[in-house]
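The file upload22.cif comes next; it holds mmCIF, C-alpha atoms.
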```
data_my_file
loop_
_atom_site.label_atom_id
_atom_site.label_comp_id
_atom_site.auth_asym_id
_atom_site.auth_seq_id
_atom_site.Cartn_x
_atom_site.Cartn_y
_atom_site.Cartn_z
CA MET A 1 0.00 0.00 0.00
CA LEU A 2 2.85 2.31 0.92
CA LEU A 3 4.36 1.53 -2.48
CA SER A 4 1.37 2.69 -4.53
CA ALA A 5 0.88 5.75 -2.30
CA LEU A 6 4.44 7.06 -2.47
CA TYR A 7 6.01 5.38 -5.53
CA ASN A 8 5.77 8.55 -7.64
CA TYR A 9 7.56 10.65 -5.06
CA TRP A 10 10.36 8.12 -4.67
CA VAL A 11 10.95 7.95 -8.41
CA VAL A 12 10.98 11.76 -8.46
CA ILE A 13 13.70 11.77 -5.79
CA LEU A 14 15.76 9.13 -7.63
CA LEU A 15 15.51 11.13 -10.87
CA MET A 16 16.42 14.33 -9.03
CA MET A 17 19.48 12.65 -7.47
CA THR A 18 20.55 11.29 -10.88
CA GLY A 19 20.44 14.83 -12.21
CA LEU A 20 22.29 16.20 -9.18
CA TYR A 21 24.97 13.50 -9.54
CA MET A 22 25.52 14.50 -13.18
CA VAL A 23 25.89 18.15 -12.22
CA ILE A 24 28.38 17.43 -9.42
CA ALA A 25 30.44 14.55 -10.77
CA GLN A 26 30.69 15.01 -14.50
CA GLY A 27 33.13 17.53 -15.88
CA ASN A 28 31.63 17.99 -19.33
CA LEU A 29 29.51 21.15 -19.40
CA ILE A 30 26.99 19.75 -21.92
CA LYS A 31 26.47 16.73 -19.67
CA LYS A 32 25.92 19.08 -16.74
CA VAL A 33 23.18 20.87 -18.69
CA ILE A 34 21.52 17.53 -19.50
CA GLY A 35 21.74 16.71 -15.76
CA LEU A 36 20.09 20.03 -14.89
CA ASN A 37 17.32 19.19 -17.37
CA ILE A 38 16.73 15.82 -15.69
CA PHE A 39 16.64 17.55 -12.29
CA GLN A 40 14.17 20.08 -13.67
CA THR A 41 11.91 17.43 -15.21
CA SER A 42 11.85 15.55 -11.90
CA VAL A 43 10.39 18.68 -10.25
CA PHE A 44 7.80 18.86 -13.04
CA ILE A 45 6.86 15.22 -12.41
CA PHE A 46 6.58 15.97 -8.69
CA TYR A 47 4.20 18.89 -9.21
CA ILE A 48 2.02 17.01 -11.67
CA SER A 49 1.90 13.98 -9.31
CA VAL A 50 0.81 16.25 -6.45
CA GLY A 51 -1.87 17.73 -8.71
CA LYS A 52 -3.37 14.33 -9.55
CA VAL A 53 -6.72 13.51 -7.97
CA ALA A 54 -7.69 9.82 -8.05
CA GLY A 55 -10.33 9.32 -10.74
CA GLY A 56 -10.06 12.95 -11.84
CA SER A 57 -10.08 13.86 -15.51
CA ALA A 58 -8.11 16.56 -17.32
CA PRO A 59 -9.18 20.03 -16.08
CA ILE A 60 -11.33 20.90 -19.08
CA LEU A 61 -14.86 21.45 -17.84
CA SER A 62 -17.54 19.19 -19.31
CA GLN A 63 -20.97 17.84 -18.47
CA LEU A 64 -19.67 14.27 -18.15
CA THR A 65 -17.66 14.55 -14.95
CA THR A 66 -17.31 16.58 -11.77
CA VAL A 67 -13.90 15.36 -10.57
CA TYR A 68 -10.91 17.10 -12.12
CA SER A 69 -7.16 17.08 -11.49
CA ASN A 70 -5.83 20.21 -9.81
CA PRO A 71 -5.27 22.79 -12.60
CA LEU A 72 -2.87 25.02 -10.66
CA PRO A 73 0.26 22.78 -10.87
CA HIS A 74 -0.48 22.31 -14.58
CA VAL A 75 -0.33 26.07 -15.13
CA LEU A 76 2.90 26.46 -13.15
CA ILE A 77 4.63 23.58 -14.94
CA LEU A 78 3.39 24.46 -18.42
CA THR A 79 5.08 27.85 -18.24
CA ALA A 80 8.11 26.39 -16.41
CA ILE A 81 8.77 24.00 -19.32
CA VAL A 82 8.96 26.82 -21.85
CA VAL A 83 11.02 28.99 -19.48
CA GLY A 84 13.23 25.90 -18.97
CA ILE A 85 14.03 25.55 -22.68
CA ALA A 86 14.77 29.28 -22.90
CA THR A 87 17.25 29.06 -20.00
CA THR A 88 18.73 25.82 -21.43
CA ALA A 89 19.33 27.69 -24.68
CA LEU A 90 21.09 30.43 -22.71
CA ALA A 91 23.25 27.82 -20.94
CA LEU A 92 24.20 26.20 -24.25
CA ALA A 93 25.05 29.63 -25.68
CA LEU A 94 27.34 30.23 -22.69
CA ILE A 95 28.96 26.82 -23.32
CA LEU A 96 29.68 27.79 -26.93
CA ARG A 97 31.29 31.03 -25.77
CA ILE A 98 33.34 29.14 -23.18
CA ARG A 99 34.56 26.83 -25.93
CA GLN A 100 35.54 29.85 -28.04
CA ALA A 101 37.50 31.29 -25.14
CA TYR A 102 39.11 28.11 -23.70
CA GLY A 103 38.98 25.67 -26.63
CA SER A 104 37.28 23.02 -24.48
CA VAL A 105 34.05 22.28 -22.64
CA GLU A 106 35.69 20.06 -19.99
CA GLU A 107 35.79 21.58 -16.53
CA GLN A 108 39.40 20.43 -15.90
CA ASP A 109 40.70 22.17 -19.04
CA ILE A 110 38.80 25.35 -18.19
CA LEU A 111 40.25 25.42 -14.66
CA ALA A 112 43.74 24.71 -16.06
CA GLY A 113 43.23 27.54 -18.56
CA ASP A 114 42.31 29.90 -15.71
CA GLY A 115 45.43 28.85 -13.78
CA GLN A 116 47.70 29.96 -16.61
CA CYS A 117 46.43 33.52 -16.56
CA MET B 1 -4.48 -0.41 -14.84
CA GLU B 2 -3.66 3.25 -14.23
CA LEU B 3 -1.22 2.22 -11.52
CA ILE B 4 0.56 -0.25 -13.83
CA LEU B 5 0.89 2.44 -16.52
CA ASP B 6 2.17 4.88 -13.92
CA ILE B 7 4.79 2.47 -12.56
CA ALA B 8 5.86 1.38 -16.05
CA LEU B 9 6.34 4.95 -17.33
CA LEU B 10 8.20 6.10 -14.23
CA SER B 11 10.48 3.03 -14.28
CA LEU B 12 11.30 3.69 -17.94
CA LEU B 13 12.09 7.31 -17.05
CA LEU B 14 14.41 6.17 -14.30
CA VAL B 15 16.24 3.65 -16.54
CA THR B 16 16.67 6.34 -19.22
CA ALA B 17 17.99 8.88 -16.71
CA VAL B 18 20.49 6.44 -15.20
CA TYR B 19 21.75 5.45 -18.65
CA ILE B 20 22.14 9.13 -19.58
CA ALA B 21 24.27 9.61 -16.46
CA TRP B 22 26.29 6.47 -17.15
CA THR B 23 27.08 6.79 -20.87
CA ARG B 24 30.10 8.78 -21.95
CA ASP B 25 28.86 9.19 -25.53
CA LEU B 26 27.17 12.60 -25.51
CA PHE B 27 25.32 11.87 -28.76
CA ALA B 28 23.60 8.88 -27.13
CA ALA B 29 22.91 11.01 -24.04
CA VAL B 30 21.17 13.71 -26.09
CA ILE B 31 19.05 11.23 -28.07
CA LEU B 32 18.09 9.54 -24.78
CA ALA B 33 17.23 12.97 -23.37
CA GLY B 34 14.76 13.28 -26.26
CA ILE B 35 13.28 9.88 -25.35
CA TYR B 36 13.19 11.05 -21.72
CA GLY B 37 11.18 14.10 -22.83
CA LEU B 38 8.71 11.94 -24.75
CA LEU B 39 8.33 9.55 -21.79
CA SER B 40 7.66 12.40 -19.38
CA ALA B 41 5.10 13.81 -21.83
CA SER B 42 3.36 10.40 -21.79
CA PHE B 43 3.47 10.44 -18.00
CA PHE B 44 1.89 13.92 -17.86
CA MET B 45 -0.79 12.64 -20.25
CA SER B 46 -1.56 9.72 -17.93
CA MET B 47 -1.86 12.20 -15.02
CA GLY B 48 -4.53 14.17 -16.90
CA ALA B 49 -2.21 17.13 -17.43
CA VAL B 50 -2.94 17.43 -21.16
CA ASP B 51 -1.65 20.99 -21.61
CA VAL B 52 1.62 20.11 -19.88
CA ALA B 53 2.03 16.93 -21.93
CA PHE B 54 1.53 18.95 -25.09
CA THR B 55 4.22 21.45 -24.12
CA GLU B 56 6.69 18.80 -22.95
CA ALA B 57 6.25 16.80 -26.18
CA ALA B 58 7.05 19.89 -28.27
CA VAL B 59 9.90 21.14 -26.06
CA GLY B 60 11.45 18.11 -24.32
CA ALA B 61 11.30 15.76 -27.28
CA GLY B 62 11.60 18.42 -29.99
CA ILE B 63 13.51 21.64 -29.60
CA SER B 64 15.68 20.78 -26.60
CA PRO B 65 17.52 17.80 -28.22
CA LEU B 66 17.89 19.83 -31.43
CA LEU B 67 19.69 22.65 -29.61
CA MET B 68 21.87 20.15 -27.75
CA LEU B 69 22.75 18.37 -31.01
CA SER B 70 23.75 21.70 -32.54
CA THR B 71 26.02 22.31 -29.54
CA LEU B 72 27.47 18.79 -29.81
CA ALA B 73 28.19 19.29 -33.50
CA ILE B 74 30.48 22.16 -32.49
CA CYS B 75 31.95 20.80 -29.24
CA GLY B 76 32.36 17.10 -30.11
CA ARG B 77 30.55 14.06 -28.70
CA ALA B 78 33.19 12.50 -26.48
CA GLN B 79 33.14 13.08 -22.74
CA ARG B 80 36.23 12.65 -20.60
CA ALA B 81 36.04 10.40 -17.55
CA ASN B 82 36.29 12.22 -14.25
CA PRO B 83 36.57 9.47 -11.63
CA GLN B 84 38.03 11.34 -8.65
CA ARG B 85 34.81 13.18 -7.87
CA ALA B 86 32.42 10.28 -8.50
CA LEU B 87 32.70 8.82 -5.00
CA LEU B 88 32.13 12.11 -3.20
CA ALA B 89 29.20 12.90 -5.50
CA LEU B 90 27.64 9.47 -4.91
CA LEU B 91 27.95 9.99 -1.16
CA THR B 92 26.35 13.47 -1.29
CA VAL B 93 23.57 12.30 -3.57
CA GLY B 94 22.94 9.23 -1.39
CA VAL B 95 22.63 11.28 1.80
CA VAL B 96 20.41 13.96 0.22
CA GLY B 97 18.24 11.30 -1.43
CA ALA B 98 17.81 9.35 1.83
CA LEU B 99 16.79 12.54 3.66
CA LEU B 100 14.26 13.41 0.96
CA ILE B 101 12.81 9.89 0.98
CA THR B 102 12.38 10.12 4.76
CA ALA B 103 10.52 13.38 4.20
CA THR B 104 8.09 11.74 1.73
CA LEU B 105 6.84 9.35 4.43
CA GLU B 106 4.69 12.18 5.75
CA MET B 107 3.39 13.20 2.33
CA PRO B 108 -0.32 12.69 1.63
CA ALA B 109 -0.90 9.55 -0.46
CA PHE B 110 -0.64 9.98 -4.21
CA GLY B 111 -3.98 10.94 -5.79
CA SER B 112 -5.72 11.51 -2.46
CA PRO B 113 -8.49 14.09 -3.01
CA ASP B 114 -8.18 15.66 0.48
CA ALA B 115 -4.46 16.47 0.19
CA PRO B 116 -3.74 20.08 1.25
CA ALA B 117 -2.78 20.99 -2.32
CA HIS B 118 -6.36 20.42 -3.48
CA LEU B 119 -8.17 22.25 -0.69
CA HIS B 120 -7.42 25.90 -1.28
CA VAL B 121 -7.55 27.79 -4.58
CA ALA B 122 -8.13 24.85 -6.93
CA PRO B 123 -11.78 24.19 -5.94
CA ARG B 124 -12.56 27.83 -6.60
CA TYR B 125 -10.95 27.72 -10.05
CA ILE B 126 -12.93 24.59 -10.93
CA ALA B 127 -16.25 25.78 -9.49
CA ASP B 128 -16.25 29.44 -10.54
CA SER B 129 -14.09 29.78 -13.64
CA MET B 130 -16.97 28.90 -15.99
CA ARG B 131 -19.09 31.71 -14.52
CA GLU B 132 -16.28 34.27 -14.19
CA ILE B 133 -14.19 33.59 -17.30
CA GLY B 134 -16.58 31.54 -19.40
CA ILE B 135 -14.14 29.10 -21.03
CA PRO B 136 -14.00 25.35 -20.44
CA ASN B 137 -10.21 24.90 -20.19
CA VAL B 138 -9.48 25.77 -16.56
CA VAL B 139 -5.72 25.72 -17.20
CA THR B 140 -6.11 28.54 -19.74
CA SER B 141 -8.36 30.52 -17.36
CA VAL B 142 -5.78 30.31 -14.58
CA LEU B 143 -2.81 30.91 -16.88
CA ALA B 144 -4.19 33.86 -18.79
CA SER B 145 -6.55 35.50 -16.32
CA TYR B 146 -6.30 34.55 -12.63
CA ARG B 147 -2.51 34.31 -12.70
CA ALA B 148 -1.86 36.54 -15.72
CA PHE B 149 0.73 38.62 -13.88
CA ASP B 150 2.77 35.48 -13.18
CA THR B 151 2.57 34.50 -16.86
CA LEU B 152 3.68 38.01 -17.88
CA GLY B 153 6.79 37.47 -15.77
CA GLU B 154 7.47 34.18 -17.49
CA VAL B 155 7.07 35.67 -20.96
CA VAL B 156 9.56 38.38 -19.98
CA VAL B 157 12.00 35.66 -18.80
CA ILE B 158 11.72 33.93 -22.19
CA PHE B 159 12.26 37.23 -23.98
CA THR B 160 15.28 37.98 -21.79
CA ALA B 161 16.77 34.53 -22.42
CA GLY B 162 16.36 35.17 -26.16
CA LEU B 163 18.16 38.50 -25.77
CA GLY B 164 20.89 36.74 -23.80
CA VAL B 165 21.50 34.14 -26.51
CA LEU B 166 21.51 36.86 -29.12
CA SER B 167 24.02 39.01 -27.26
CA LEU B 168 26.27 36.01 -26.47
CA LEU B 169 26.38 34.53 -29.97
CA GLY B 170 24.26 36.43 -32.41
CA LEU B 171 25.24 40.03 -32.83
CA ARG B 172 28.63 39.39 -34.38
CA GLY B 173 27.19 36.76 -36.69
CA ASP B 174 25.26 39.27 -38.75
CA VAL B 175 28.20 40.14 -40.99
CA ARG B 176 29.38 37.26 -43.11
CA GLU B 177 30.68 36.87 -46.62
CA GLU B 178 29.65 33.42 -47.75
CA PRO B 179 26.15 31.93 -47.45
CA ILE B 180 25.61 29.26 -44.82
CA HIS B 181 24.96 25.73 -46.02
CA SER B 182 23.11 23.32 -43.79
CA PRO B 183 24.73 19.88 -43.73
CA MET B 184 21.27 18.46 -44.38
CA ALA B 185 20.65 20.58 -47.46
CA GLU B 186 22.32 18.21 -49.88
CA PRO B 187 20.57 16.65 -52.85
CA SER B 188 21.13 13.18 -51.37
CA HIS B 189 18.49 13.79 -48.67
CA LEU B 190 15.69 13.54 -51.21
CA VAL B 191 13.22 11.76 -48.92
CA LEU B 192 13.71 14.33 -46.17
CA ARG B 193 13.26 17.21 -48.59
CA VAL B 194 10.02 15.84 -50.05
CA VAL B 195 8.53 14.80 -46.70
CA GLY B 196 9.66 18.04 -45.04
CA LYS B 197 8.02 20.14 -47.73
CA VAL B 198 4.73 18.26 -47.33
CA LEU B 199 4.81 18.47 -43.51
CA ILE B 200 5.53 22.17 -43.03
CA PRO B 201 2.11 23.66 -43.98
CA PRO B 202 0.15 21.24 -41.72
CA ILE B 203 2.54 22.02 -38.83
CA LEU B 204 1.95 25.78 -39.19
CA LEU B 205 -1.81 25.26 -39.57
CA PHE B 206 -1.85 23.04 -36.49
CA ALA B 207 0.06 25.70 -34.53
CA LEU B 208 -2.63 28.26 -35.40
CA TYR B 209 -5.34 25.79 -34.35
CA VAL B 210 -3.58 25.20 -31.02
CA GLN B 211 -3.24 28.97 -30.57
CA PHE B 212 -6.89 29.83 -31.13
CA HIS B 213 -8.51 26.68 -29.75
CA GLY B 214 -6.59 26.86 -26.45
CA GLU B 215 -9.66 28.13 -24.59
CA TYR B 216 -11.71 25.04 -25.43
CA GLY B 217 -9.18 22.22 -25.59
CA PRO B 218 -5.56 21.63 -24.64
CA GLY B 219 -3.38 24.34 -26.11
CA GLY B 220 -2.56 28.02 -25.91
CA GLY B 221 0.16 30.49 -26.72
CA PHE B 222 3.11 28.58 -25.23
CA GLN B 223 2.44 25.35 -27.12
CA ALA B 224 1.43 27.12 -30.33
CA GLY B 225 4.55 29.29 -30.26
CA VAL B 226 6.82 26.27 -29.95
CA ILE B 227 5.00 24.32 -32.69
CA PHE B 228 4.99 27.34 -35.04
CA ALA B 229 8.74 27.75 -34.56
CA VAL B 230 9.25 24.02 -35.21
CA GLY B 231 7.72 24.47 -38.69
CA PHE B 232 10.45 26.97 -39.60
CA ILE B 233 13.17 25.01 -37.81
CA LEU B 234 12.26 21.90 -39.82
CA TYR B 235 12.49 23.99 -43.00
CA SER B 236 15.93 25.29 -42.07
CA LEU B 237 17.15 21.78 -41.14
CA VAL B 238 16.13 20.37 -44.51
CA PHE B 239 16.76 23.28 -46.87
CA GLY B 240 19.46 25.25 -45.07
CA LEU B 241 19.49 28.50 -43.14
CA GLU B 242 19.79 30.69 -46.21
CA ALA B 243 16.55 29.28 -47.64
CA VAL B 244 14.73 30.28 -44.45
CA GLU B 245 16.29 33.72 -44.45
CA LYS B 246 14.73 34.32 -47.86
CA ILE B 247 11.28 34.05 -46.24
CA VAL B 248 11.96 35.15 -42.67
CA ASN B 249 13.57 38.51 -42.10
CA ARG B 250 15.88 38.15 -39.11
CA ALA B 251 15.33 41.73 -37.93
CA LEU B 252 11.56 41.21 -38.16
CA VAL B 253 11.69 38.09 -35.96
CA GLN B 254 13.79 39.94 -33.39
CA ALA B 255 11.30 42.80 -33.38
CA LEU B 256 8.36 40.38 -33.08
CA ALA B 257 9.83 38.87 -29.90
CA ALA B 258 9.48 42.30 -28.31
CA VAL B 259 6.08 42.95 -29.92
CA GLY B 260 4.62 39.88 -28.16
CA VAL B 261 5.69 41.14 -24.73
CA LEU B 262 4.39 44.61 -25.62
CA ILE B 263 0.97 43.21 -26.62
CA TYR B 264 0.76 41.44 -23.26
CA GLY B 265 1.78 44.52 -21.27
CA THR B 266 -0.53 46.82 -23.24
CA VAL B 267 -3.56 44.61 -22.61
CA GLY B 268 -2.71 44.89 -18.92
CA LEU B 269 -2.60 48.68 -19.16
CA LEU B 270 -5.97 48.68 -20.96
CA GLY B 271 -7.30 47.03 -17.80
CA ILE B 272 -6.16 50.09 -15.80
CA VAL B 273 -7.60 52.45 -18.44
CA SER B 274 -10.97 50.69 -18.13
CA GLY B 275 -10.93 51.45 -14.40
CA ARG B 276 -9.83 48.08 -13.02
CA ASN B 277 -6.60 46.42 -11.92
CA TYR B 278 -3.61 45.71 -14.16
CA LEU B 279 -4.41 42.63 -16.33
CA ASP B 280 -8.06 42.56 -15.24
CA TYR B 281 -9.88 42.21 -18.55
CA SER B 282 -13.44 42.43 -17.24
CA GLY B 283 -13.83 46.05 -18.35
CA LEU B 284 -12.55 45.53 -21.90
CA ALA B 285 -15.99 44.80 -23.38
CA GLY B 286 -19.64 45.35 -22.54
CA ASP B 287 -20.05 42.44 -20.12
CA SER B 288 -17.27 41.01 -18.02
CA VAL B 289 -17.19 37.51 -19.56
CA ALA B 290 -16.83 38.94 -23.08
CA GLY B 291 -14.07 41.21 -21.76
CA GLN B 292 -12.26 38.19 -20.29
CA HIS B 293 -12.51 36.37 -23.65
CA LEU B 294 -11.06 39.35 -25.49
CA GLY B 295 -8.25 39.79 -23.00
CA ILE B 296 -7.30 36.10 -23.00
CA ILE B 297 -7.21 35.90 -26.80
CA ALA B 298 -5.01 39.02 -26.94
CA ILE B 299 -2.49 37.95 -24.32
CA GLU B 300 -2.32 34.38 -25.66
CA LEU B 301 -1.46 35.93 -29.01
CA GLY B 302 1.29 37.95 -27.35
CA VAL B 303 2.65 34.83 -25.65
CA GLY B 304 2.54 32.86 -28.91
CA ILE B 305 4.38 35.58 -30.87
CA THR B 306 7.14 35.95 -28.27
CA VAL B 307 7.66 32.21 -27.75
CA ALA B 308 7.74 31.48 -31.50
CA SER B 309 10.13 34.36 -32.23
CA VAL B 310 12.51 33.53 -29.37
CA MET B 311 12.65 29.84 -30.35
CA MET B 312 13.37 30.79 -33.97
CA ILE B 313 16.03 33.33 -32.98
CA VAL B 314 17.75 30.79 -30.73
CA PHE B 315 17.76 28.07 -33.35
CA PHE B 316 18.95 30.34 -36.15
CA VAL B 317 21.76 31.72 -33.98
CA PHE B 318 22.84 28.17 -33.08
CA SER B 319 22.80 26.92 -36.66
CA ALA B 320 24.75 29.99 -37.82
CA GLN B 321 27.35 29.11 -35.16
CA LEU B 322 27.39 25.53 -36.40
CA ALA B 323 28.03 26.62 -39.99
CA ARG B 324 30.87 28.90 -38.86
CA GLY B 325 32.28 26.16 -36.59
CA ARG B 326 32.47 23.89 -39.62
CA ALA B 327 34.27 26.48 -41.70
CA VAL B 328 36.90 27.10 -38.96
CA PRO B 329 37.34 23.89 -36.94
CA HIS B 330 39.32 25.44 -34.07
CA ALA B 331 38.31 28.95 -33.30
CA SER B 332 40.61 29.12 -30.28
#
```
Step by step, read the file and then write its structure as structure tokens.
Amino acid sequence: MLLSALYNYWVVILLMMTGLYMVIAQGNLIKKVIGLNIFQTSVFIFYISVGKVAGGSAPILSQLTTVYSNPLPHVLILTAIVVGIATTALALALILRIRQAYGSVEEQDILAGDGQC
Amino acid sequence: MELILDIALLSLLLVTAVYIAWTRDLFAAVILAGIYGLLSASFFMSMGAVDVAFTEAAVGAGISPLLMLSTLAICGRAQRANPQRALLALLTVGVVGALLITATLEMPAFGSPDAPAHLHVAPRYIADSMREIGIPNVVTSVLASYRAFDTLGEVVVIFTAGLGVLSLLGLRGDVREEPIHSPMAEPSHLVLRVVGKVLIPPILLFALYVQFHGEYGPGGGFQAGVIFAVGFILYSLVFGLEAVEKIVNRALVQALAAVGVLIYGTVGLLGIVSGRNYLDYSGLAGDSVAGQHLGIIAIELGVGITVASVMMIVFFVFSAQLARGRAVPHAS
């Protein structure tokens, strides 16, 4: 019973930790951005799971049903997804500029390049 | 049945995420990130979050991998191993994860209708939005009317991110001598060219449908903007950037990104002019429901224009970088 009640939240945490691990442990900046995206999506999944009401349908009003999922998390996450891609694009643009300046996107090379200055 | 679907989708998500973390081939990681996006869209669909699923399918499985692939094409697909920090990271992640899992034990059960999240504003949105706003899609009512100020902030963030990409990579790229050739725009990709040409008009038409039907079904400015931009991005992938620049004036797209935000802000000001609060559309027409309709259509249009323009700007800037990266392999 505990499994079906909390399974979603546990998977969210595991996904979040996978993303966090990628951000901390992996030196490649592109991989870090992918890790941030996984972290971000895990938060989306958390919100949408919280918004789910058992037996509720999509929050588009109709005559057929009276139980709906909570629309508020949907609104927050819908806009967050599009904001997320815009900020990802900005991160990737920064990575391209870093590569122009340092000739590499590996954290070790970038730190070594800073040490020479 | 719902539970099995839920567990299956989440397990697939987890396997995909772990493999992304494990693989050192960035190309595989990006393609798997696309699959991850599609899986999470399916999950949102199974949770009844149709608008969110729509957006995630267009963004997570569409534009996001494309941008990452463009970056990979410049930076290379190999990732160096970095073993000395792996142990420390695993330890940190393990401790944080264990603490979070302990915290979930006090969470209300998944799907429980009397969870605190469902007791406060949501019942009001569901019960009163039909009377106050008069449109069936509650998500659109909340997005464009009840929480319109919040959405304005988000549109400004998207606009700012577009400006950021442009100032980091774009402004110097305007002057160039030779035309840019897309690697896809070769005669050998005949199937892609024919299929692409056939697909583009339906994609644009569908985007307009999503834009203007967002009040009655899943959809709205955010989704429509992304889908509209995808039509042009597909064209530039298949026929090359220069072919797109014959139809799309770059300066015009940059101006349109600002025009969308301006439309949104101006509609808000009209609310003040009509004697109400900022972004309160009730006074825009004779009766308040008609005013709400008018206001929502106008701001959704603003959102759609900004999102589409920013996505197009970002993609065009990235593919211009890619073409230059190919011409000069080591810019350092």
Just the number, please: distance in Å from CA of Met107 (chain B) to CA of Ile60 (chain A), one decimal.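 Computing the Euclidean distance for CA of Met107 (chain B) and CA of Ile60 (chain A) yields 27.1 Å.
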List the residues matched by the PyMOL selection byres ((chain A and resi 105) around 10) in the displayed structure as a PyMOL selection string, ordered by chain and then by residue number. (chain A and resi 27-31+95-104+106-110) or (chain B and resi 75-76+79)
Just to confirm, what's the straight-line distance from CA of Leu2 (chain A) to CA of Val67 (chain A) in Å (one decimal)? 24.1 Å
Could you tell me which of B:Trp22, B:Ile263, B:Tyr281, B:Leu100 comes closest to Met16 (chain A) if we count all atoms listed in the file?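 Residue with the minimum atom-to-atom distance to Met16 (chain A): B:Leu100.
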12 Å contact set for Gly84 (chain A), all atoms listed in the file, chain neighbours under 3 positions out, as a PDB file with C-alpha atoms, keeping the file's coordinate frame:
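Heads up, here's the output in around.pdb:
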```
ATOM      1  CA  VAL A  33      23.180  20.870 -18.690  1.00  0.00           C
ATOM      2  CA  ILE A  34      21.520  17.530 -19.500  1.00  0.00           C
ATOM      3  CA  LEU A  36      20.090  20.030 -14.890  1.00  0.00           C
ATOM      4  CA  ASN A  37      17.320  19.190 -17.370  1.00  0.00           C
ATOM      5  CA  ILE A  38      16.730  15.820 -15.690  1.00  0.00           C
ATOM      6  CA  PHE A  39      16.640  17.550 -12.290  1.00  0.00           C
ATOM      7  CA  GLN A  40      14.170  20.080 -13.670  1.00  0.00           C
ATOM      8  CA  THR A  41      11.910  17.430 -15.210  1.00  0.00           C
ATOM      9  CA  VAL A  43      10.390  18.680 -10.250  1.00  0.00           C
ATOM     10  CA  PHE A  44       7.800  18.860 -13.040  1.00  0.00           C
ATOM     11  CA  LEU A  76       2.900  26.460 -13.150  1.00  0.00           C
ATOM     12  CA  ILE A  77       4.630  23.580 -14.940  1.00  0.00           C
ATOM     13  CA  LEU A  78       3.390  24.460 -18.420  1.00  0.00           C
ATOM     14  CA  THR A  79       5.080  27.850 -18.240  1.00  0.00           C
ATOM     15  CA  ALA A  80       8.110  26.390 -16.410  1.00  0.00           C
ATOM     16  CA  ILE A  81       8.770  24.000 -19.320  1.00  0.00           C
ATOM     17  CA  THR A  87      17.250  29.060 -20.000  1.00  0.00           C
ATOM     18  CA  THR A  88      18.730  25.820 -21.430  1.00  0.00           C
ATOM     19  CA  ALA A  89      19.330  27.690 -24.680  1.00  0.00           C
ATOM     20  CA  LEU A  90      21.090  30.430 -22.710  1.00  0.00           C
ATOM     21  CA  ALA A  91      23.250  27.820 -20.940  1.00  0.00           C
TER      22      ALA A  91
ATOM     23  CA  THR B  55       4.220  21.450 -24.120  1.00  0.00           C
ATOM     24  CA  GLU B  56       6.690  18.800 -22.950  1.00  0.00           C
ATOM     25  CA  VAL B  59       9.900  21.140 -26.060  1.00  0.00           C
ATOM     26  CA  GLY B  60      11.450  18.110 -24.320  1.00  0.00           C
ATOM     27  CA  ILE B  63      13.510  21.640 -29.600  1.00  0.00           C
ATOM     28  CA  SER B  64      15.680  20.780 -26.600  1.00  0.00           C
ATOM     29  CA  GLU B 154       7.470  34.180 -17.490  1.00  0.00           C
ATOM     30  CA  VAL B 155       7.070  35.670 -20.960  1.00  0.00           C
ATOM     31  CA  VAL B 157      12.000  35.660 -18.800  1.00  0.00           C
ATOM     32  CA  ILE B 158      11.720  33.930 -22.190  1.00  0.00           C
ATOM     33  CA  ALA B 161      16.770  34.530 -22.420  1.00  0.00           C
TER      34      ALA B 161
END
```
Tell me which of A:Ala93, A:Lys32, A:Leu111, A:Ser42 sits closest to Ile20 (chain B), counting only C-alpha atoms. A:Lys32
Write out as an NGL selection string the residues lying within 8 Å of Ala5 (chain A), counting only C-alpha atoms and excluding same-chain residues fewer than 3 positions away. (:A and (1-2 or 8)) or (:B and (109-111))
Residues within 10 Å of Lys52 (chain A), only C-alpha atoms, excluding chain neighbours under 3 positions, as a PyMOL selection string: (chain A and resi 47-49+55-58+68-71+73-74) or (chain B and resi 44+46-49+110-113+117-118)
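Only residues having an atom at most 8 Å from (-0.3, 28.9, -32.9) are included; using only C-alpha atoms, these are Leu204, Leu205, Phe206, Ala207, Leu208, Tyr209, Val210, Gln211, Phe212, Gly220, Gly221, Gln223, Ala224, Gly225, Ile227, Phe228 and Gly304 of chain B.
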Any chance you can output those residues with C-alpha atoms as a JSON list (two decimals), in the coordinates of the input?
```json
[["chain", "number", "residue", "atom", "x", "y", "z"],
["B", 204, "LEU", "CA", 1.95, 25.78, -39.19],
["B", 205, "LEU", "CA", -1.81, 25.26, -39.57],
["B", 206, "PHE", "CA", -1.85, 23.04, -36.49],
["B", 207, "ALA", "CA", 0.06, 25.70, -34.53],
["B", 208, "LEU", "CA", -2.63, 28.26, -35.40],
["B", 209, "TYR", "CA", -5.34, 25.79, -34.35],
["B", 210, "VAL", "CA", -3.58, 25.20, -31.02],
["B", 211, "GLN", "CA", -3.24, 28.97, -30.57],
["B", 212, "PHE", "CA", -6.89, 29.83, -31.13],
["B", 220, "GLY", "CA", -2.56, 28.02, -25.91],
["B", 221, "GLY", "CA", 0.16, 30.49, -26.72],
["B", 223, "GLN", "CA", 2.44, 25.35, -27.12],
["B", 224, "ALA", "CA", 1.43, 27.12, -30.33],
["B", 225, "GLY", "CA", 4.55, 29.29, -30.26],
["B", 227, "ILE", "CA", 5.00, 24.32, -32.69],
["B", 228, "PHE", "CA", 4.99, 27.34, -35.04],
["B", 304, "GLY", "CA", 2.54, 32.86, -28.91]]
```
Proximity to Asp6 (chain B) - best of A:Leu92, A:Val82, A:Leu6, A:Val23, all atoms listed in the file: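 Counting all atoms listed in the file, the residue closest to Asp6 (chain B) is A:Leu6.
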